Amino acid sequence: MKFLLEVTMEDAALAKDPAGELGRILRYWGGNLRHHALRPGDGSVIYDSEYREVGRWSVAGQAE
């Protein structure tokens, strides 16, 4: 399996403070993962600190 995290860096909050905003996103979603089974197909939209959609995380199954 693979855990995939994709964040678009052009968002206003990410453009203003990329390291700070990306760190906040990683801390929040890292702590939130315990609420998910983390099976292939699981995933969620990722929001910045201003609640704008900036990406998504997902769990992909192994390649056949």
# chains A, B, ... in the order shown; residues from 1 in each chain; ligands from 1
$ select_by_dssp --residues "chain A" --states "helix (DSSP H, G or I)" --output "ChimeraX atom specification"
/A:12-16,18-35
$ write_last_selection --atoms "C-alpha atoms" --output "compact mmCIF listing (two decimals), in the first residue's frame"
# COMPACT_ATOMS: atom_id res chain seq x y z
CA ALA A 12 -2.89 32.18 -0.39
CA ALA A 13 -2.03 30.81 3.08
CA LEU A 14 0.62 28.48 1.64
CA ALA A 15 2.12 31.23 -0.53
CA LYS A 16 2.39 33.62 2.43
CA PRO A 18 4.72 27.86 3.08
CA ALA A 19 6.71 26.15 5.84
CA GLY A 20 4.36 27.26 8.61
CA GLU A 21 1.16 26.35 6.76
CA LEU A 22 2.46 23.02 5.47
CA GLY A 23 3.68 22.18 8.99
CA ARG A 24 0.21 22.94 10.36
CA ILE A 25 -1.42 20.75 7.70
CA LEU A 26 0.96 17.86 8.43
CA ARG A 27 0.45 18.12 12.21
CA TYR A 28 -3.33 18.27 11.90
CA TRP A 29 -3.69 15.42 9.43
CA GLY A 30 -1.01 13.33 11.14
CA GLY A 31 -2.98 13.52 14.38
CA ASN A 32 -6.29 12.95 12.60
CA LEU A 33 -5.21 9.72 10.87
CA ARG A 34 -6.00 7.62 13.96
CA HIS A 35 -9.69 8.13 13.10
$ select_by_dssp --residues "chain A" --states "strand (DSSP E)" --output "PyMOL selection string"
chain A and resi 2-7+43-47+53-60
$ write_last_selection --atoms "N, CA and C atoms" --output "tab-separated table (two decimals), in the first residue's frame"
chain	number	residue	atom	x	y	z
A	2	LYS	N	0.27	2.35	-0.42
A	2	LYS	CA	0.95	3.63	-0.40
A	2	LYS	C	0.04	4.67	0.26
A	3	PHE	N	0.63	5.54	1.07
A	3	PHE	CA	-0.08	6.69	1.61
A	3	PHE	C	0.35	7.88	0.76
A	4	LEU	N	-0.62	8.56	0.16
A	4	LEU	CA	-0.33	9.68	-0.73
A	4	LEU	C	-0.91	10.96	-0.15
A	5	LEU	N	-0.12	12.02	-0.15
A	5	LEU	CA	-0.54	13.33	0.34
A	5	LEU	C	-0.15	14.35	-0.72
A	6	GLU	N	-1.14	15.07	-1.22
A	6	GLU	CA	-0.87	16.07	-2.24
A	6	GLU	C	-1.44	17.41	-1.79
A	7	VAL	N	-0.60	18.44	-1.77
A	7	VAL	CA	-1.00	19.77	-1.35
A	7	VAL	C	-0.58	20.76	-2.43
A	43	GLY	N	-9.46	8.11	2.17
A	43	GLY	CA	-8.86	9.39	1.84
A	43	GLY	C	-9.75	10.52	2.31
A	44	SER	N	-9.25	11.73	2.15
A	44	SER	CA	-10.00	12.91	2.56
A	44	SER	C	-9.41	14.14	1.90
A	45	VAL	N	-10.24	15.16	1.80
A	45	VAL	CA	-9.79	16.46	1.31
A	45	VAL	C	-8.96	17.13	2.40
A	46	ILE	N	-7.97	17.92	2.02
A	46	ILE	CA	-7.13	18.66	2.96
A	46	ILE	C	-7.46	20.14	2.82
A	47	TYR	N	-7.61	20.82	3.95
A	47	TYR	CA	-7.93	22.24	3.97
A	47	TYR	C	-6.79	23.03	4.62
A	53	GLU	N	-9.94	24.32	0.37
A	53	GLU	CA	-9.41	23.03	-0.09
A	53	GLU	C	-8.09	23.24	-0.80
A	54	VAL	N	-7.04	22.54	-0.35
A	54	VAL	CA	-5.71	22.67	-0.95
A	54	VAL	C	-5.11	21.34	-1.39
A	55	GLY	N	-5.81	20.25	-1.17
A	55	GLY	CA	-5.26	18.96	-1.57
A	55	GLY	C	-6.08	17.81	-1.06
A	56	ARG	N	-5.41	16.67	-0.98
A	56	ARG	CA	-6.10	15.45	-0.57
A	56	ARG	C	-5.07	14.42	-0.14
A	57	TRP	N	-5.47	13.56	0.79
A	57	TRP	CA	-4.65	12.39	1.12
A	57	TRP	C	-5.46	11.16	0.74
A	58	SER	N	-4.76	10.07	0.46
A	58	SER	CA	-5.44	8.81	0.12
A	58	SER	C	-4.52	7.64	0.38
A	59	VAL	N	-5.13	6.47	0.47
A	59	VAL	CA	-4.39	5.22	0.61
A	59	VAL	C	-4.66	4.42	-0.65
A	60	ALA	N	-3.59	4.06	-1.34
A	60	ALA	CA	-3.70	3.29	-2.59
A	60	ALA	C	-3.25	1.86	-2.33
